[in-house]
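Here is the file data27.csv (CSV, C-alpha atoms).
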chain,number,residue,atom,x,y,z
J,1470,MET,CA,-123.4,-121.2,-19.5
J,1471,CYS,CA,-124.9,-123.5,-16.8
J,1472,GLY,CA,-126.3,-126.2,-19.1
J,1473,VAL,CA,-130.0,-125.3,-18.8
J,1474,LEU,CA,-130.4,-124.7,-22.5
J,1475,ASP,CA,-128.6,-126.5,-25.4
J,1476,ALA,CA,-127.0,-123.4,-26.9
J,1477,ARG,CA,-123.6,-121.8,-27.4
J,1478,ALA,CA,-122.8,-118.1,-27.3
J,1479,ARG,CA,-119.9,-116.4,-29.2
J,1480,MET,CA,-118.7,-112.9,-29.3
J,1481,THR,CA,-119.0,-110.9,-32.6
J,1482,GLU,CA,-117.6,-107.6,-33.8
J,1483,ARG,CA,-121.0,-106.4,-34.7
J,1484,LEU,CA,-123.2,-104.6,-32.1
J,1485,THR,CA,-126.9,-105.5,-32.2
J,1486,LEU,CA,-128.8,-102.5,-31.0
J,1487,GLY,CA,-132.3,-101.2,-31.4
J,1488,TYR,CA,-136.0,-101.3,-30.6
J,1489,ARG,CA,-137.9,-104.3,-31.8
J,1490,GLU,CA,-141.6,-105.3,-32.3
J,1491,ALA,CA,-142.0,-108.9,-31.1
J,1492,VAL,CA,-144.6,-111.6,-30.9
J,1493,ALA,CA,-144.3,-114.5,-28.5
J,1494,VAL,CA,-143.8,-117.7,-30.6
J,1495,GLY,CA,-145.0,-120.0,-27.8
J,1496,ASP,CA,-146.1,-119.9,-24.2
J,1497,SER,CA,-143.5,-118.9,-21.7
J,1498,ALA,CA,-143.2,-117.8,-18.1
J,1499,ILE,CA,-143.7,-114.2,-19.1
J,1500,ALA,CA,-146.0,-114.3,-22.2
J,1501,ALA,CA,-148.7,-116.4,-23.8
J,1502,ALA,CA,-148.2,-117.4,-27.5
J,1503,GLY,CA,-149.3,-114.6,-29.8
J,1504,THR,CA,-148.6,-111.8,-27.2
J,1505,ARG,CA,-147.2,-108.7,-28.9
J,1506,THR,CA,-144.7,-106.4,-27.3
J,1507,ARG,CA,-142.0,-103.9,-28.0
J,1508,GLY,CA,-138.5,-104.2,-26.5
J,1509,HIS,CA,-134.9,-103.3,-26.9
J,1510,GLU,CA,-131.8,-105.3,-27.9
J,1511,PHE,CA,-128.2,-104.5,-27.0
J,1512,HIS,CA,-125.5,-107.2,-27.3
J,1513,ARG,CA,-122.4,-108.2,-29.1
J,1514,THR,CA,-122.9,-112.0,-29.0
J,1515,VAL,CA,-124.7,-114.5,-31.1
J,1516,ILE,CA,-126.5,-117.5,-29.6
J,1517,GLU,CA,-126.4,-120.7,-31.7
J,1518,PRO,CA,-129.1,-123.2,-30.5
J,1519,GLY,CA,-128.6,-126.9,-30.3
J,1520,ALA,CA,-131.5,-129.3,-30.1
J,1521,GLY,CA,-134.3,-128.6,-27.7
J,1522,PRO,CA,-135.2,-125.0,-26.9
J,1523,ASP,CA,-138.0,-123.4,-28.7
J,1524,PRO,CA,-137.8,-119.7,-29.8
J,1525,ALA,CA,-139.1,-117.1,-27.5
J,1526,TRP,CA,-139.9,-114.2,-29.8
J,1527,GLY,CA,-140.5,-113.6,-33.5
J,1528,LEU,CA,-139.1,-110.3,-34.7
J,1529,ARG,CA,-139.8,-108.5,-38.0
J,1530,GLN,CA,-137.2,-105.7,-38.1
J,1531,PRO,CA,-134.5,-105.1,-39.1
J,1532,ARG,CA,-135.0,-108.6,-40.6
J,1533,ALA,CA,-137.4,-111.4,-39.9
J,1534,ARG,CA,-135.9,-113.8,-37.4
J,1535,VAL,CA,-136.6,-115.6,-34.1
J,1536,GLU,CA,-134.9,-114.5,-30.9
J,1537,GLY,CA,-134.4,-116.1,-27.4
J,1538,PHE,CA,-135.4,-119.5,-26.1
J,1539,VAL,CA,-138.1,-121.1,-24.0
J,1540,ARG,CA,-137.8,-124.4,-22.4
J,1541,GLY,CA,-140.1,-125.4,-19.5
J,1542,THR,CA,-140.1,-122.6,-17.0
J,1543,VAL,CA,-137.0,-120.9,-18.6
J,1544,HIS,CA,-137.4,-117.8,-20.7
J,1545,ALA,CA,-134.0,-116.6,-22.0
J,1546,SER,CA,-133.8,-113.6,-24.4
J,1547,TYR,CA,-131.8,-110.6,-25.4
J,1548,LEU,CA,-135.1,-108.7,-25.8
J,1549,HIS,CA,-135.3,-106.3,-22.9
J,1550,THR,CA,-138.9,-105.6,-22.1
J,1551,HIS,CA,-140.7,-103.2,-19.7
J,1552,PRO,CA,-143.8,-103.9,-17.6
J,1553,ALA,CA,-145.6,-101.1,-19.4
J,1554,GLY,CA,-145.0,-102.8,-22.7
J,1555,LEU,CA,-145.9,-106.3,-21.5
J,1556,PRO,CA,-148.8,-105.9,-19.1
J,1557,GLY,CA,-149.3,-109.0,-17.0
J,1558,ALA,CA,-145.8,-110.4,-17.4
J,1559,ALA,CA,-144.9,-109.9,-13.8
J,1560,ALA,CA,-148.1,-111.6,-12.5
J,1561,ARG,CA,-147.7,-114.4,-15.0
J,1562,PHE,CA,-144.1,-115.0,-13.9
J,1563,VAL,CA,-145.1,-115.1,-10.2
J,1564,ALA,CA,-148.0,-117.5,-11.0
J,1565,ARG,CA,-145.7,-119.8,-13.0
J,1566,ALA,CA,-143.1,-119.7,-10.2
J,1567,ALA,CA,-145.8,-120.6,-7.6
J,1568,GLU,CA,-146.9,-123.5,-9.8
J,1569,ALA,CA,-143.3,-124.8,-10.1
J,1570,GLY,CA,-143.1,-125.0,-6.3
Is it possible to express this structure as structure tokens?
Amino acid sequence: MCGVLDARARMTERLTLGYREAVAVGDSAIAAAGTRTRGHEFHRTVIEPGAGPDPAWGLRQPRARVEGFVRGTVHASYLHTHPAGLPGAAARFVARAAEAG
């Protein structure tokens, strides 16, 4: 949308909806690699990545796939998380923002 990530979105007829178990694929502004959490997805679009961004989350249900993107200090994802399910995410985000200047 603003050129930060090399990806394109398109509308679909299908609604993606449900709770997900997720594992952070790599380090991001909100989670260290390997961090496990639970979140919720609700969207009618599909994101098609270009070159560059790494996946944010690995999901297992309803089918194994990756979701979201991480690039530098950007973490973009359809996975809606809650601080109770991702302890330390807010503090990690603030620390990363302070480091970035």
Q: Could you give me, as an MDAnalysis selection string, the residues within 10 Å of J:Glu1536, counting only C-alpha atoms and dropping anything in the same chain fewer than 5 positions from it?
A: chainID J and resid 1491 1493:1494 1516 1523:1528 1545:1548
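Between atom CA of J:Val1515 and atom CA of J:His1544 the interatomic distance comes to 16.7 Å.
The smallest atom-to-atom distance between J:Leu1486 and any of J:Ala1564, J:Ala1502, J:Gln1530, J:Gly1521, using only C-alpha atoms, is found for J:Gln1530.
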Q.
Nearest residue to J:Thr1514 out of J:Arg1529, J:His1549, J:Arg1477, J:Arg1534, using all atoms listed in the file?
A. J:Arg1477
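Of the listed residues (J:Arg1513, J:Arg1507, J:Arg1561, J:Arg1540), J:Arg1507 comes nearest to J:Arg1489; the distances count all atoms listed in the file.
Between atom CA of J:Glu1510 and atom CA of J:Gly1487 lies a distance of 5.4 Å.
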Q | Exercise: J:Ala1520 partners within 10 Å, all atoms listed in the file, chain neighbours under 6 positions left out, as a PyMOL selection string | A | chain J and resi 1474-1476
Q. Quick one: of J:Gly1472, J:Gly1503, J:Gly1570, J:Gly1557, who's nearest to J:Thr1542, counting only C-alpha atoms?
A. J:Gly1570
**Q.** Atom-to-atom span, atom CA of J:Ala1558 and atom CA of J:Gly1519, Å
**A.** 27.1 Å
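Of the listed residues J:Ala1559, J:Val1535, J:Cys1471, J:Leu1484, the one whose atoms come nearest to J:Ala1498 is J:Ala1559, with distances taken using only C-alpha atoms.
Restricting the calculation to all atoms listed in the file, the smallest distance between J:Asp1496 and any of J:Val1543, J:Ala1560, J:Leu1555, J:Met1480 is found for J:Val1543.
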Take stretch 1489-1524 of chain J, model N, CA and C atoms, and hand the result over as a tab-separated table (two decimals), in the frame of the given file.
chain	number	residue	atom	x	y	z
J	1489	ARG	N	-137.37	-103.26	-31.00
J	1489	ARG	CA	-137.90	-104.30	-31.80
J	1489	ARG	C	-139.42	-104.52	-31.45
J	1490	GLU	N	-140.20	-104.83	-32.48
J	1490	GLU	CA	-141.60	-105.30	-32.30
J	1490	GLU	C	-141.46	-106.82	-32.25
J	1491	ALA	N	-142.12	-107.43	-31.27
J	1491	ALA	CA	-142.00	-108.90	-31.10
J	1491	ALA	C	-143.32	-109.53	-30.83
J	1492	VAL	N	-143.39	-110.80	-31.20
J	1492	VAL	CA	-144.60	-111.60	-30.90
J	1492	VAL	C	-144.07	-112.91	-30.28
J	1493	ALA	N	-144.69	-113.29	-29.16
J	1493	ALA	CA	-144.30	-114.50	-28.50
J	1493	ALA	C	-144.65	-115.72	-29.38
J	1494	VAL	N	-143.65	-116.54	-29.67
J	1494	VAL	CA	-143.80	-117.70	-30.60
J	1494	VAL	C	-144.62	-118.78	-29.87
J	1495	GLY	N	-144.34	-119.02	-28.60
J	1495	GLY	CA	-145.00	-120.00	-27.80
J	1495	GLY	C	-145.28	-119.51	-26.42
J	1496	ASP	N	-145.91	-120.32	-25.59
J	1496	ASP	CA	-146.10	-119.90	-24.20
J	1496	ASP	C	-144.83	-119.94	-23.43
J	1497	SER	N	-144.67	-118.96	-22.53
J	1497	SER	CA	-143.50	-118.90	-21.70
J	1497	SER	C	-143.91	-118.41	-20.30
J	1498	ALA	N	-142.94	-118.30	-19.42
J	1498	ALA	CA	-143.20	-117.80	-18.10
J	1498	ALA	C	-143.63	-116.34	-18.05
J	1499	ILE	N	-143.37	-115.61	-19.13
J	1499	ILE	CA	-143.70	-114.20	-19.10
J	1499	ILE	C	-144.79	-113.79	-20.16
J	1500	ALA	N	-145.06	-114.64	-21.14
J	1500	ALA	CA	-146.00	-114.30	-22.20
J	1500	ALA	C	-146.70	-115.50	-22.79
J	1501	ALA	N	-147.97	-115.34	-23.10
J	1501	ALA	CA	-148.70	-116.40	-23.80
J	1501	ALA	C	-148.39	-116.29	-25.31
J	1502	ALA	N	-148.48	-117.40	-26.01
J	1502	ALA	CA	-148.20	-117.40	-27.50
J	1502	ALA	C	-149.14	-116.35	-28.11
J	1503	GLY	N	-148.54	-115.60	-29.04
J	1503	GLY	CA	-149.30	-114.60	-29.80
J	1503	GLY	C	-149.23	-113.19	-29.11
J	1504	THR	N	-148.70	-113.10	-27.89
J	1504	THR	CA	-148.60	-111.80	-27.20
J	1504	THR	C	-147.64	-110.90	-27.98
J	1505	ARG	N	-148.06	-109.67	-28.20
J	1505	ARG	CA	-147.20	-108.70	-28.90
J	1505	ARG	C	-146.64	-107.72	-27.88
J	1506	THR	N	-145.40	-107.32	-28.13
J	1506	THR	CA	-144.70	-106.40	-27.30
J	1506	THR	C	-143.68	-105.61	-28.05
J	1507	ARG	N	-143.08	-104.66	-27.39
J	1507	ARG	CA	-142.00	-103.90	-28.00
J	1507	ARG	C	-140.85	-103.98	-26.94
J	1508	GLY	N	-139.62	-104.14	-27.41
J	1508	GLY	CA	-138.50	-104.20	-26.50
J	1508	GLY	C	-137.24	-103.66	-27.16
J	1509	HIS	N	-136.14	-103.82	-26.45
J	1509	HIS	CA	-134.90	-103.30	-26.90
J	1509	HIS	C	-133.79	-104.34	-26.83
J	1510	GLU	N	-132.94	-104.40	-27.85
J	1510	GLU	CA	-131.80	-105.30	-27.90
J	1510	GLU	C	-130.50	-104.53	-27.80
J	1511	PHE	N	-129.54	-105.06	-27.07
J	1511	PHE	CA	-128.20	-104.50	-27.00
J	1511	PHE	C	-127.23	-105.58	-26.62
J	1512	HIS	N	-126.49	-106.08	-27.61
J	1512	HIS	CA	-125.50	-107.20	-27.30
J	1512	HIS	C	-124.52	-107.30	-28.45
J	1513	ARG	N	-123.41	-107.94	-28.14
J	1513	ARG	CA	-122.40	-108.20	-29.10
J	1513	ARG	C	-122.10	-109.73	-29.26
J	1514	THR	N	-123.06	-110.53	-28.86
J	1514	THR	CA	-122.90	-112.00	-29.00
J	1514	THR	C	-124.01	-112.54	-29.85
J	1515	VAL	N	-123.76	-113.74	-30.35
J	1515	VAL	CA	-124.70	-114.50	-31.10
J	1515	VAL	C	-124.93	-115.82	-30.40
J	1516	ILE	N	-126.16	-116.24	-30.27
J	1516	ILE	CA	-126.50	-117.50	-29.60
J	1516	ILE	C	-126.81	-118.52	-30.73
J	1517	GLU	N	-126.14	-119.66	-30.69
J	1517	GLU	CA	-126.40	-120.70	-31.70
J	1517	GLU	C	-127.06	-121.88	-30.93
J	1518	PRO	N	-128.34	-122.12	-31.26
J	1518	PRO	CA	-129.10	-123.20	-30.50
J	1518	PRO	C	-128.66	-124.56	-30.94
J	1519	GLY	N	-128.72	-125.46	-29.99
J	1519	GLY	CA	-128.60	-126.90	-30.30
J	1519	GLY	C	-129.97	-127.44	-30.42
J	1520	ALA	N	-130.19	-128.66	-29.99
J	1520	ALA	CA	-131.50	-129.30	-30.10
J	1520	ALA	C	-132.28	-128.95	-28.78
J	1521	GLY	N	-133.54	-128.73	-28.90
J	1521	GLY	CA	-134.30	-128.60	-27.70
J	1521	GLY	C	-135.07	-127.33	-27.45
J	1522	PRO	N	-134.39	-126.22	-27.23
J	1522	PRO	CA	-135.20	-125.00	-26.90
J	1522	PRO	C	-135.97	-124.48	-28.02
J	1523	ASP	N	-137.17	-124.02	-27.71
J	1523	ASP	CA	-138.00	-123.40	-28.70
J	1523	ASP	C	-137.74	-121.88	-28.71
J	1524	PRO	N	-138.00	-121.19	-29.82
J	1524	PRO	CA	-137.80	-119.70	-29.80
J	1524	PRO	C	-138.74	-119.01	-28.93
